[in-house]
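Asks: Structure supplied as data-v5.cif; contents: mmCIF, C-alpha atoms.
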data_start
loop_
_atom_site.label_atom_id
_atom_site.label_comp_id
_atom_site.auth_asym_id
_atom_site.auth_seq_id
_atom_site.Cartn_x
_atom_site.Cartn_y
_atom_site.Cartn_z
CA MET U 1 24.00 19.46 -14.64
CA LYS U 2 22.77 19.09 -11.08
CA LYS U 3 19.25 20.32 -10.49
CA PRO U 4 18.51 22.92 -7.76
CA LYS U 5 17.29 22.16 -4.26
CA ILE U 6 13.64 22.97 -3.53
CA ALA U 7 11.50 23.12 -0.38
CA PHE U 8 7.75 23.42 0.20
CA LYS U 9 5.53 24.72 2.99
CA THR U 10 1.75 24.15 3.02
CA LEU U 11 -0.80 25.92 5.17
CA GLY U 12 -4.53 25.28 5.24
CA CYS U 13 -6.79 22.68 3.71
CA ARG U 14 -6.43 19.26 2.13
CA LEU U 15 -6.88 20.79 -1.29
CA ASN U 16 -3.72 22.82 -0.71
CA GLN U 17 -2.00 19.65 0.50
CA TYR U 18 -3.04 17.80 -2.66
CA GLU U 19 -1.69 20.60 -4.87
CA THR U 20 1.60 20.75 -2.98
CA ASP U 21 2.07 16.97 -3.24
CA ALA U 22 1.44 17.17 -6.99
CA LEU U 23 3.96 20.01 -7.40
CA VAL U 24 6.52 18.14 -5.29
CA SER U 25 6.15 15.14 -7.61
CA SER U 26 6.74 17.27 -10.71
CA PHE U 27 10.00 18.63 -9.31
CA VAL U 28 11.30 15.35 -7.85
CA ASN U 29 10.50 13.48 -11.08
CA ALA U 30 12.51 16.10 -12.97
CA GLY U 31 15.57 15.58 -10.77
CA TYR U 32 15.23 18.42 -8.26
CA GLU U 33 16.41 17.66 -4.74
CA LEU U 34 13.57 17.97 -2.22
CA VAL U 35 14.90 19.28 1.10
CA ASP U 36 13.37 20.04 4.48
CA TYR U 37 11.76 23.46 4.61
CA ASP U 38 13.99 24.54 7.50
CA GLY U 39 17.07 23.58 5.51
CA ASP U 40 18.96 25.40 2.76
CA ALA U 41 17.34 25.38 -0.68
CA ASP U 42 17.60 27.29 -3.94
CA ALA U 43 13.83 27.80 -4.06
CA TYR U 44 11.03 27.88 -1.49
CA VAL U 45 7.36 27.47 -2.40
CA ILE U 46 4.87 28.64 0.26
CA ASN U 47 1.29 27.47 -0.40
CA THR U 48 -0.75 29.89 1.72
CA CYS U 49 -4.20 29.99 3.34
CA THR U 50 -6.65 32.87 3.79
CA ILE U 51 -9.84 31.17 5.05
CA THR U 52 -9.63 32.99 8.40
CA ASN U 53 -7.67 35.86 9.94
CA SER U 54 -5.56 33.19 11.62
CA GLY U 55 -4.78 31.66 8.22
CA ASP U 56 -3.71 35.07 6.92
CA LYS U 57 -1.52 35.67 9.98
CA LYS U 58 0.21 32.30 9.78
CA SER U 59 0.80 32.74 6.04
CA ARG U 60 2.30 36.22 6.49
CA GLN U 61 4.51 34.99 9.32
CA GLU U 62 5.78 32.10 7.19
CA LEU U 63 6.47 34.35 4.22
CA HIS U 64 8.33 36.91 6.37
CA ARG U 65 10.29 34.19 8.17
CA THR U 66 11.39 32.68 4.88
CA LEU U 67 12.42 36.09 3.52
CA ARG U 68 14.53 36.81 6.61
CA LYS U 69 16.16 33.41 6.71
CA HIS U 70 16.79 32.97 2.96
CA PRO U 71 17.14 36.43 1.38
CA ASP U 72 19.04 35.12 -1.65
CA ALA U 73 16.72 32.22 -2.51
CA VAL U 74 13.92 32.14 -5.06
CA ILE U 75 10.70 32.56 -3.09
CA VAL U 76 7.31 31.70 -4.59
CA ALA U 77 4.21 32.87 -2.71
CA THR U 78 1.15 30.98 -3.91
CA GLY U 79 -2.22 29.72 -2.64
CA CYS U 80 -5.30 31.52 -1.34
CA MET U 81 -3.65 34.26 0.72
CA ALA U 82 -1.32 35.02 -2.20
CA THR U 83 -4.38 35.22 -4.45
CA HIS U 84 -6.36 37.44 -2.07
CA TYR U 85 -3.45 39.86 -1.53
CA GLN U 86 -1.77 39.38 -4.90
CA LYS U 87 -1.52 43.09 -5.69
CA GLN U 88 -0.01 44.00 -2.30
CA LEU U 89 2.48 41.13 -2.36
CA LYS U 90 3.63 42.02 -5.88
CA GLU U 91 3.99 45.69 -5.01
CA SER U 92 6.15 44.80 -2.00
CA ASN U 93 8.81 43.45 -4.42
CA ASN U 94 9.90 41.03 -1.69
CA TYR U 95 9.02 37.81 -3.49
CA THR U 96 10.52 36.42 -6.64
CA TYR U 97 7.07 35.32 -7.83
CA VAL U 98 3.50 35.70 -6.58
CA VAL U 99 1.34 33.01 -8.16
CA ASP U 100 -2.44 32.99 -7.80
CA ASN U 101 -4.46 29.76 -7.61
CA ASP U 102 -5.43 29.87 -11.29
CA HIS U 103 -1.75 29.70 -12.29
CA LYS U 104 -0.50 27.40 -9.53
CA THR U 105 -0.25 24.39 -11.84
CA GLY U 106 2.41 26.31 -13.80
CA ILE U 107 4.88 26.70 -10.93
CA PHE U 108 7.05 23.86 -12.23
CA ASP U 109 7.38 25.54 -15.66
CA LEU U 110 7.93 28.88 -13.93
CA LEU U 111 10.95 27.66 -11.95
CA GLU U 112 12.29 25.52 -14.77
CA GLY U 113 12.40 28.66 -16.89
CA HIS U 114 13.80 30.78 -14.09
CA PHE U 115 16.74 28.47 -13.44
CA ALA U 116 17.37 28.28 -17.20
CA GLY U 117 17.78 32.07 -17.25
CA GLU U 118 14.49 32.88 -18.95
CA VAL U 119 12.29 35.87 -18.11
CA MET U 120 9.07 34.31 -16.86
CA GLU U 121 5.62 35.88 -16.57
CA VAL U 122 3.11 34.35 -14.18
CA GLU U 123 0.17 35.52 -16.30
CA LYS U 124 1.33 33.30 -19.20
CA LEU U 125 1.44 30.10 -17.14
CA ASP U 126 -1.00 27.19 -17.44
CA THR U 127 -4.42 28.03 -15.96
CA ASP U 128 -5.92 24.51 -15.97
CA ARG U 129 -6.79 23.84 -12.31
CA PHE U 130 -6.74 20.07 -12.91
CA SER U 131 -3.47 19.62 -14.80
CA TYR U 132 -1.42 18.66 -11.75
CA THR U 133 0.93 15.68 -11.95
CA ALA U 134 -0.30 12.50 -10.27
CA ALA U 135 1.52 12.58 -6.93
CA ASN U 136 4.07 9.79 -6.51
CA HIS U 137 6.12 11.90 -4.09
CA GLY U 138 4.74 14.00 -1.27
CA PHE U 139 4.35 14.44 2.44
CA HIS U 140 1.41 12.11 3.13
CA THR U 141 0.72 8.37 3.37
CA ARG U 142 -2.74 8.98 1.92
CA SER U 143 -3.16 10.20 -1.64
CA MET U 144 -5.54 13.11 -2.04
CA ILE U 145 -7.47 13.28 -5.31
CA LYS U 146 -8.87 16.60 -6.48
CA ILE U 147 -12.25 16.23 -8.16
CA GLN U 148 -13.56 19.79 -8.06
CA ASP U 149 -12.50 23.38 -7.42
CA GLY U 150 -14.22 26.67 -6.66
CA CYS U 151 -17.66 27.37 -5.20
CA ASP U 152 -20.89 29.07 -6.31
CA ASN U 153 -22.57 29.22 -2.90
CA PHE U 154 -21.17 32.58 -1.73
CA CYS U 155 -21.81 32.04 1.97
CA SER U 156 -21.88 35.52 3.47
CA TYR U 157 -18.76 34.96 5.64
CA CYS U 158 -16.62 33.06 3.12
CA ILE U 159 -13.75 34.37 1.02
CA VAL U 160 -13.24 31.08 -0.86
CA PRO U 161 -15.27 31.91 -4.03
CA PHE U 162 -13.15 35.05 -4.43
CA VAL U 163 -9.80 33.23 -4.17
CA ARG U 164 -10.73 29.84 -5.69
CA GLY U 165 -13.18 31.09 -8.31
CA ARG U 166 -16.47 29.67 -9.50
CA ALA U 167 -17.22 25.96 -9.27
CA VAL U 168 -15.69 23.69 -11.88
CA SER U 169 -15.59 19.88 -11.93
CA ARG U 170 -12.93 17.54 -13.29
CA LYS U 171 -13.62 14.94 -15.97
CA PRO U 172 -14.61 11.59 -14.41
CA GLN U 173 -12.21 9.65 -16.65
CA ASP U 174 -9.32 11.87 -15.50
CA ILE U 175 -10.23 11.31 -11.84
CA LEU U 176 -10.45 7.53 -12.30
CA GLY U 177 -7.17 7.54 -14.22
CA ASN U 178 -5.49 9.59 -11.47
CA ILE U 179 -6.68 7.12 -8.83
CA ARG U 180 -5.39 4.14 -10.80
CA GLN U 181 -2.03 5.90 -11.17
CA VAL U 182 -1.57 6.52 -7.45
CA LEU U 183 -2.68 2.97 -6.65
CA ASP U 184 0.06 1.79 -9.01
CA PHE U 185 2.47 4.02 -7.05
CA GLY U 186 1.56 1.98 -3.96
CA TYR U 187 -0.95 4.20 -2.16
CA LYS U 188 -3.67 2.32 -0.27
CA GLU U 189 -5.86 5.18 0.89
CA ILE U 190 -7.54 7.75 -1.36
CA VAL U 191 -9.03 10.99 -0.02
CA ILE U 192 -11.57 12.71 -2.28
CA THR U 193 -11.10 16.46 -2.02
CA GLY U 194 -12.19 19.79 -3.49
CA VAL U 195 -13.87 23.00 -2.35
CA ASN U 196 -17.52 21.87 -2.53
CA ILE U 197 -17.33 18.23 -3.55
CA GLY U 198 -21.00 17.39 -2.96
CA ARG U 199 -21.83 19.75 -5.84
CA TYR U 200 -19.58 17.83 -8.25
CA GLN U 201 -21.24 17.76 -11.67
CA TYR U 202 -19.51 16.96 -14.95
CA GLU U 203 -22.02 16.67 -17.78
CA ASN U 204 -24.36 13.85 -16.65
CA THR U 205 -22.14 12.61 -13.81
CA ASN U 206 -22.90 13.88 -10.30
CA PHE U 207 -21.07 13.26 -7.03
CA GLU U 208 -22.91 10.04 -6.20
CA ASP U 209 -22.30 8.70 -9.73
CA LEU U 210 -18.60 9.48 -9.37
CA ILE U 211 -18.21 7.74 -6.00
CA GLU U 212 -20.00 4.70 -7.41
CA GLN U 213 -17.49 4.56 -10.29
CA ILE U 214 -14.54 4.92 -7.90
CA LEU U 215 -15.81 2.04 -5.78
CA GLU U 216 -15.76 -0.18 -8.86
CA ILE U 217 -11.97 0.20 -9.25
CA GLU U 218 -10.23 -3.07 -8.41
CA GLY U 219 -7.63 -3.40 -5.67
CA ASP U 220 -7.15 -3.51 -1.90
CA PHE U 221 -7.49 0.15 -1.02
CA ARG U 222 -9.87 2.39 0.84
CA ILE U 223 -11.61 5.67 0.11
CA ARG U 224 -12.33 8.62 2.35
CA ILE U 225 -14.54 11.63 1.66
CA SER U 226 -13.08 14.87 2.97
CA SER U 227 -15.04 17.87 4.26
CA ILE U 228 -18.41 18.17 2.54
CA GLU U 229 -21.39 20.53 2.60
CA PRO U 230 -24.83 19.02 3.44
CA GLU U 231 -26.13 19.36 -0.11
CA GLY U 232 -26.04 17.68 -3.51
CA TYR U 233 -26.46 14.10 -2.23
CA GLY U 234 -28.57 11.99 0.09
CA GLU U 235 -29.59 8.43 0.87
CA ARG U 236 -27.96 7.01 -2.26
CA LEU U 237 -24.55 8.19 -1.02
CA PHE U 238 -25.30 7.01 2.52
CA GLN U 239 -26.02 3.51 1.21
CA MET U 240 -22.56 3.48 -0.41
CA PHE U 241 -20.94 3.62 3.04
CA ARG U 242 -21.90 -0.04 3.34
CA HIS U 243 -19.28 -0.78 0.68
CA PRO U 244 -16.08 -2.11 2.31
CA LYS U 245 -13.92 0.39 0.43
CA LEU U 246 -15.77 3.54 1.54
CA MET U 247 -14.66 4.34 5.08
CA PRO U 248 -17.39 5.10 7.68
CA HIS U 249 -16.42 8.70 8.39
CA ILE U 250 -17.88 11.93 7.05
CA HIS U 251 -17.12 15.54 7.96
CA MET U 252 -20.41 17.32 7.22
CA CYS U 253 -20.37 21.05 7.91
CA LEU U 254 -23.16 22.39 10.14
CA GLN U 255 -21.67 25.88 10.89
CA SER U 256 -24.59 26.89 13.16
CA GLY U 257 -27.51 25.29 15.01
CA SER U 258 -29.62 28.44 14.59
CA ASP U 259 -31.90 28.72 11.56
CA ARG U 260 -31.74 32.50 11.81
CA ILE U 261 -27.95 32.47 11.66
CA LEU U 262 -27.87 29.83 8.90
CA LYS U 263 -30.09 32.11 6.81
CA ALA U 264 -27.81 35.09 7.50
CA MET U 265 -24.85 32.93 6.51
CA ASN U 266 -26.62 32.13 3.22
CA ARG U 267 -26.45 28.40 3.90
CA ASN U 268 -28.72 26.23 1.75
CA TYR U 269 -30.34 24.18 4.54
CA ASN U 270 -31.86 24.52 7.99
CA ARG U 271 -31.30 22.70 11.28
CA SER U 272 -34.19 20.31 10.63
CA LYS U 273 -32.86 19.23 7.23
CA PHE U 274 -29.36 18.71 8.61
CA THR U 275 -30.70 16.68 11.55
CA GLU U 276 -32.78 14.53 9.20
CA MET U 277 -29.64 13.76 7.15
CA VAL U 278 -27.73 12.80 10.30
CA HIS U 279 -30.46 10.45 11.52
CA LYS U 280 -30.78 8.79 8.10
CA LEU U 281 -26.99 8.37 7.84
CA ARG U 282 -26.74 6.76 11.29
CA GLU U 283 -29.70 4.53 10.56
CA ILE U 284 -27.96 3.20 7.44
CA VAL U 285 -24.41 3.15 8.86
CA PRO U 286 -24.52 2.57 12.64
CA GLY U 287 -21.35 3.75 14.36
CA ILE U 288 -20.27 6.06 11.54
CA ASN U 289 -17.83 8.76 12.67
CA LEU U 290 -19.63 12.07 12.10
CA THR U 291 -17.58 15.26 12.53
CA THR U 292 -18.42 18.86 11.72
CA ASP U 293 -17.50 22.57 11.65
CA ILE U 294 -19.21 25.19 13.81
CA ILE U 295 -18.63 28.94 13.58
CA VAL U 296 -19.12 30.95 16.78
CA GLY U 297 -19.54 34.70 16.95
CA PHE U 298 -21.12 35.26 13.55
CA PRO U 299 -22.57 38.81 13.40
CA SER U 300 -25.86 39.02 15.37
CA GLU U 301 -25.30 35.62 17.04
CA ASP U 302 -26.85 36.30 20.43
CA GLU U 303 -26.92 33.96 23.41
CA GLU U 304 -30.07 32.23 22.17
CA ALA U 305 -28.55 31.49 18.76
CA PHE U 306 -25.30 30.28 20.32
CA ASN U 307 -27.21 27.98 22.69
CA GLU U 308 -28.92 26.45 19.64
CA SER U 309 -25.47 25.57 18.28
CA LEU U 310 -24.43 24.21 21.66
CA THR U 311 -27.58 22.08 21.83
CA ALA U 312 -26.99 20.79 18.28
CA ALA U 313 -23.41 19.87 19.22
CA ARG U 314 -24.72 17.78 22.12
CA ASP U 315 -27.83 16.31 20.49
CA LEU U 316 -26.16 15.31 17.22
CA ALA U 317 -23.17 13.92 19.16
CA PHE U 318 -20.47 14.91 16.68
CA SER U 319 -17.32 13.01 17.63
CA HIS U 320 -15.20 16.04 16.72
CA ILE U 321 -16.11 19.68 16.15
CA HIS U 322 -13.72 21.97 14.35
CA THR U 323 -14.68 25.26 16.01
CA PHE U 324 -13.99 28.47 14.11
CA LYS U 325 -14.23 31.90 15.67
CA TYR U 326 -15.85 34.13 13.07
CA SER U 327 -13.28 35.99 10.98
CA ASN U 328 -14.24 39.28 9.38
CA ARG U 329 -13.13 38.85 5.76
CA SER U 330 -13.05 42.07 3.77
CA GLY U 331 -15.28 41.91 0.68
CA THR U 332 -17.79 39.44 2.13
CA ARG U 333 -21.36 40.43 2.99
CA ALA U 334 -20.88 39.49 6.63
CA SER U 335 -18.10 42.05 6.98
CA LYS U 336 -20.71 44.80 6.48
CA MET U 337 -23.22 43.35 8.95
CA LYS U 338 -23.97 45.12 12.19
CA GLU U 339 -23.86 43.52 15.65
CA GLN U 340 -20.33 42.14 15.34
CA VAL U 341 -19.57 39.90 18.33
CA HIS U 342 -16.73 40.88 20.67
CA GLY U 343 -13.60 38.72 20.62
CA THR U 344 -13.80 37.88 24.33
CA GLU U 345 -17.31 36.53 23.86
CA MET U 346 -16.20 34.49 20.84
CA ASN U 347 -13.45 32.96 22.97
CA ARG U 348 -15.97 31.93 25.63
CA ARG U 349 -18.33 30.38 23.11
CA SER U 350 -15.48 28.58 21.36
CA GLU U 351 -14.37 27.09 24.69
CA GLU U 352 -17.88 25.83 25.46
CA ILE U 353 -18.14 24.09 22.07
CA ARG U 354 -14.66 22.66 22.57
CA LYS U 355 -15.65 21.07 25.88
CA VAL U 356 -18.67 19.42 24.25
CA SER U 357 -16.44 18.21 21.41
CA GLU U 358 -13.93 16.66 23.83
CA HIS U 359 -16.70 14.89 25.75
CA ASN U 360 -18.27 13.55 22.55
CA LYS U 361 -14.90 12.46 21.17
CA ARG U 362 -13.96 10.40 24.24
CA HIS U 363 -17.43 8.89 24.46
CA TYR U 364 -17.34 7.87 20.78
CA ARG U 365 -13.85 6.37 20.90
CA THR U 366 -14.57 4.57 24.18
CA SER U 367 -17.37 2.72 22.37
CA PHE U 368 -14.71 0.93 20.30
CA ILE U 369 -12.89 -0.65 23.23
CA GLY U 370 -12.96 -4.41 22.69
CA LYS U 371 -13.70 -4.01 18.96
CA THR U 372 -11.41 -4.49 15.98
CA GLU U 373 -10.29 -1.86 13.47
CA ARG U 374 -8.30 -2.23 10.27
CA ILE U 375 -5.46 0.26 10.61
CA LEU U 376 -3.24 1.58 7.83
CA VAL U 377 0.17 2.15 9.43
CA GLU U 378 1.53 5.64 8.76
CA LYS U 379 4.64 5.61 10.92
CA ILE U 380 6.67 3.43 13.28
CA GLU U 381 8.66 4.97 16.10
CA ASN U 382 9.70 4.12 19.65
CA GLY U 383 8.45 0.57 19.23
CA TYR U 384 4.90 1.56 18.23
CA ALA U 385 3.07 1.60 14.91
CA SER U 386 0.44 4.29 14.45
CA GLY U 387 -2.19 5.27 11.92
CA TYR U 388 -5.95 5.44 11.47
CA GLY U 389 -8.61 2.76 11.46
CA GLU U 390 -11.69 2.68 9.24
CA HIS U 391 -13.55 5.11 11.51
CA TYR U 392 -10.79 7.73 11.29
CA PHE U 393 -9.45 8.10 14.79
CA PRO U 394 -5.77 7.66 15.75
CA ILE U 395 -4.61 4.22 16.88
CA ARG U 396 -1.25 2.87 17.99
CA PHE U 397 -0.10 -0.66 18.74
CA PRO U 398 3.21 -2.39 19.62
CA ALA U 399 5.20 -2.96 16.44
CA THR U 400 7.12 -6.12 15.65
CA ASP U 401 10.09 -6.56 13.37
CA LYS U 402 7.58 -7.53 10.66
CA THR U 403 5.39 -4.41 10.98
CA ARG U 404 5.58 -2.16 7.91
CA VAL U 405 4.46 1.36 7.02
CA ASN U 406 1.67 1.53 4.42
CA GLU U 407 0.33 -1.90 5.31
CA PHE U 408 -3.07 -2.86 6.76
CA TYR U 409 -3.33 -4.61 10.14
CA GLU U 410 -6.32 -5.86 12.12
CA VAL U 411 -6.07 -4.61 15.71
CA ARG U 412 -8.23 -4.85 18.81
CA ILE U 413 -8.80 -1.63 20.78
CA ALA U 414 -7.83 -2.09 24.44
CA ASP U 415 -7.87 1.42 25.94
CA LEU U 416 -7.63 5.16 25.30
CA GLU U 417 -4.83 7.52 26.24
CA VAL U 418 -5.56 10.46 28.53
CA GLY U 419 -5.93 13.84 26.83
CA ASP U 420 -8.07 16.07 24.63
CA ASP U 421 -7.48 13.95 21.52
CA PRO U 422 -7.14 10.45 22.98
CA VAL U 423 -5.25 7.93 20.87
CA ALA U 424 -6.66 4.41 20.97
CA ILE U 425 -4.25 1.81 22.36
CA ALA U 426 -4.53 -1.50 20.54
CA HIS U 427 -2.95 -4.90 19.99
CA LEU U 428 -2.78 -7.04 16.90
CA SER U 429 -5.83 -9.24 16.68
CA ARG U 430 -5.28 -12.99 16.61
CA THR U 431 -6.16 -13.14 12.91
CA ASP U 432 -3.27 -10.74 12.16
CA GLU U 433 -0.63 -12.14 14.52
CA LYS U 434 1.10 -13.76 11.58
CA HIS U 435 2.36 -10.32 10.60
#
What would the structure in this file look like if it were written as structure tokens?
Replies:
Amino acid sequence: MKKPKIAFKTLGCRLNQYETDALVSSFVNAGYELVDYDGDADAYVINTCTITNSGDKKSRQELHRTLRKHPDAVIVATGCMATHYQKQLKESNNYTYVVDNDHKTGIFDLLEGHFAGEVMEVEKLDTDRFSYTAANHGFHTRSMIKIQDGCDNFCSYCIVPFVRGRAVSRKPQDILGNIRQVLDFGYKEIVITGVNIGRYQYENTNFEDLIEQILEIEGDFRIRISSIEPEGYGERLFQMFRHPKLMPHIHMCLQSGSDRILKAMNRNYNRSKFTEMVHKLREIVPGINLTTDIIVGFPSEDEEAFNESLTAARDLAFSHIHTFKYSNRSGTRASKMKEQVHGTEMNRRSEEIRKVSEHNKRHYRTSFIGKTERILVEKIENGYASGYGEHYFPIRFPATDKTRVNEFYEVRIADLEVGDDPVAIAHLSRTDEKH
């Protein structure tokens, strides 16, 4: 009997992307036909985001659009927004199933049972947050590996601990086994992901221990560390960036350059500590690509506090700044704070940070002109191959009939495109011309 058609939509973070890729693999391996989300399917799975008001809005729009376009299909709302508004979504009776994050790993069993005519209850599904299938099918050239979930920090603005739960870490042997599996599938780039990965701790193994063990795995592949808080690690991790497998890029979240605002945010560091970490990291790994997050418009952020963030953005020379306008998330401590900043002012501050980010980004990428990067090709179109080098910025070069996706190539950076996010223009280096 032919299996149903299924489609997926993912909003939000890399952790959501990892979980979607794992779910996709479960269905494809069982014979389901994976179709484009804008096509016709028997079931649609929407993995939602709620980190900001914008995430909520996009998730609601996607859910409503899917309902309108496919009223007779099975529709599964899952992810953080579906967790946060689980009661309201269930009471709307619009969705076939509303699955919170704790039960997301059971979506395959849920739909298998549904299409077999069984009456399925979400509450009885698997609640192991690490029992996802190793992803051999998905939407990404890189393979994301989940090492940790949840968070115990309870930053005053953040809804994540309420929708992802308390911090829990995955067994090291399961992580290492998962990596070996996806390497066997042919992946050549591994992205370590979770909610607060620097706080990874399983029995006597901490985050630095785990990365050390991953680096010992044999094979020609590379490792990236996704977004990380500035805590739980230090010089020992920084020294590991000298290893050829650990790529010289780290996204370390600052959030604010003001100590007063950091304290109000309930962040576990101050500007001085963060700056010290940056200087130590750059001393050990010259040229490392350092990117960050900054929130503008947090309650009580006056002009002085904002200018401290602006100064930090310039002085620490982040090559990219993901700027968030503060989102008032119901249930968080910050939502009850006085001195909420007006939206127009948040827009102005966001634009100022964005301009600094664009300047820093072009300056950083310009410094690579004339240098070589080892690029992993992600796609080939219109005669050009494109992907990312070790330092995690986009590169494209003229493809030949021998150029292949998911292969490494040594290229020499020749120029940058014009634009806010300039792609580096490159050519195959002489040592790689044989390709």
Asks: Write out as a VMD selection string which residues come within 8 Å of range 271-287 of chain U when counting only C-alpha atoms, dropping same-chain ones fewer than 2 positions away.
Replies: chain U and resid 230 234 to 235 238 to 239 241 to 242 248 254 257 to 259 269 289 316
Asks: What does the PyMOL selection byres ((chain U and resi 29) around 12) select in this file, as a count of residues only?
Replies: 20
Asks: Quick one: apply the PyMOL selection byres ((chain U and resi 227) around 10) to the file and drop the selected residues here as a short mmCIF file (atom, residue, chain, number, x, y, z; two decimals) with C-alpha atoms, in the coordinates of the input.
Replies:
data_model
loop_
_atom_site.label_atom_id
_atom_site.label_comp_id
_atom_site.auth_asym_id
_atom_site.auth_seq_id
_atom_site.Cartn_x
_atom_site.Cartn_y
_atom_site.Cartn_z
CA CYS U 13 -6.79 22.68 3.71
CA ARG U 14 -6.43 19.26 2.13
CA ILE U 192 -11.57 12.71 -2.28
CA THR U 193 -11.10 16.46 -2.02
CA GLY U 194 -12.19 19.79 -3.49
CA VAL U 195 -13.87 23.00 -2.35
CA ASN U 196 -17.52 21.87 -2.53
CA ILE U 197 -17.33 18.23 -3.55
CA GLY U 198 -21.00 17.39 -2.96
CA ARG U 224 -12.33 8.62 2.35
CA ILE U 225 -14.54 11.63 1.66
CA SER U 226 -13.08 14.87 2.97
CA ILE U 228 -18.41 18.17 2.54
CA GLU U 229 -21.39 20.53 2.60
CA PRO U 230 -24.83 19.02 3.44
CA ILE U 250 -17.88 11.93 7.05
CA HIS U 251 -17.12 15.54 7.96
CA MET U 252 -20.41 17.32 7.22
CA CYS U 253 -20.37 21.05 7.91
CA THR U 291 -17.58 15.26 12.53
CA THR U 292 -18.42 18.86 11.72
CA ASP U 293 -17.50 22.57 11.65
#
Asks: Residues picked by the PyMOL selection byres ((chain U and resi 141-150) around 9) here, as a ChimeraX atom specification?
Replies: /U:14-15,17-19,21,129-130,134-136,138-140,151-152,160-172,175,178-179,182-183,187-197,199-201,377-379,405-406
Asks: With all atoms listed in the file as the counted atoms, please give the residues lying no more than 12 Å from Arg68 in chain U, apart from itself and same-chain residues fewer than 6 positions off, as a list in words.
Replies: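 The filter keeps Gln61, Glu62, Ile75, Asn94 and Tyr95 of chain U.
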Asks: Give the answer as one residue: which of U:Ala414, U:Ile425, U:Gln340, U:His363 has the shortest atom-to-atom distance to Tyr388 in chain U, using all atoms listed in the file?
Replies: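 Among the listed residues, the smallest separation from Tyr388 in chain U belongs to U:Ile425.
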Asks: Please write out, as AutoDock Vina command-line options, where the centre of an axis-aligned box around all listed atoms of range 176-189 of chain U lies and how long its edges are, in Å to one decimal, after adding 5 Å on each side.
Replies:
--center_x -4.0 --center_y 5.7 --center_z -6.7 --size_x 22.9 --size_y 17.8 --size_z 25.1
Asks: Write out as a PDB file with C-alpha atoms, in the frame of the given file the residues lying within 7 Å of Glu410 in chain U, counting all atoms listed in the file and excluding same-chain residues fewer than 6 positions away.
Replies:
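New file out.pdb:
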ATOM      1  CA  THR U 372     -11.410  -4.490  15.980  1.00  0.00           C
ATOM      2  CA  GLU U 373     -10.290  -1.860  13.470  1.00  0.00           C
ATOM      3  CA  ARG U 374      -8.300  -2.230  10.270  1.00  0.00           C
ATOM      4  CA  ILE U 375      -5.460   0.260  10.610  1.00  0.00           C
ATOM      5  CA  LEU U 428      -2.780  -7.040  16.900  1.00  0.00           C
ATOM      6  CA  SER U 429      -5.830  -9.240  16.680  1.00  0.00           C
ATOM      7  CA  ASP U 432      -3.270 -10.740  12.160  1.00  0.00           C
TER       8      ASP U 432
END
Asks: Point out the residue among U:Pro71, U:Ala385, U:Ile46, U:Thr20 with the least atom-to-atom distance to Tyr132 in chain U, counting only C-alpha atoms.
Replies: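 Among U:Pro71, U:Ala385, U:Ile46, U:Thr20, it is U:Thr20 that comes nearest to Tyr132 in chain U.
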Asks: Name the residues in contact with Lys58 in chain U at a cut-off of 12 Å, using only C-alpha atoms, excluding same-chain residues fewer than 4 positions from it; report them as a PyMOL selection string.
Replies: chain U and resi 9-12+46-54+62-65+81
Asks: Please, what distance in Å, to one decimal, runs between CA of Lys325 in chain U and CA of Val341 in chain U?
Replies: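 Answer for the CA of Lys325 in chain U to CA of Val341 in chain U separation: 10.0 Å.
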Asks: Measure the distance from CA of Val411 in chain U to CA of His391 in chain U in Å and round it to one decimal.
Replies: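 Atom-to-atom, CA of Val411 in chain U and CA of His391 in chain U are spaced 13.0 Å apart.
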Asks: Can you work out the spacing between CA of Asn93 in chain U and CA of Gly79 in chain U in Å, to one decimal?
Replies: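 Separation between CA of Asn93 in chain U and CA of Gly79 in chain U: 17.7 Å.
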Asks: List every protein, DNA or RNA residue that has an atom no more than 10 Å from (-14.0, 29.6, 14.2) in the file's coordinate frame, counting only C-alpha atoms, and report them as a ChimeraX atom specification.
Replies: /U:52-54,255,293-298,322-327,346-347,349-350
Asks: Looking at all atoms listed in the file, which of U:Ala7, U:Ile369, U:Cys80, U:Ala399 is the one that sits closest to Gly383 in chain U?
Replies: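 Closest candidate: U:Ala399.
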Asks: Nearest residue to His359 in chain U out of U:Arg404, U:Ile395, U:Lys69, U:Ala313, using all atoms listed in the file?
Replies: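 Using all atoms listed in the file, His359 in chain U sits closest to U:Ala313.
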Asks: Nearest to Val98 in chain U: which of U:Ala116, U:Val122, U:Ala426, U:Leu110 is it, counting only C-alpha atoms?
Replies: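 Answer, going by the shortest atom-to-atom distance: U:Val122.
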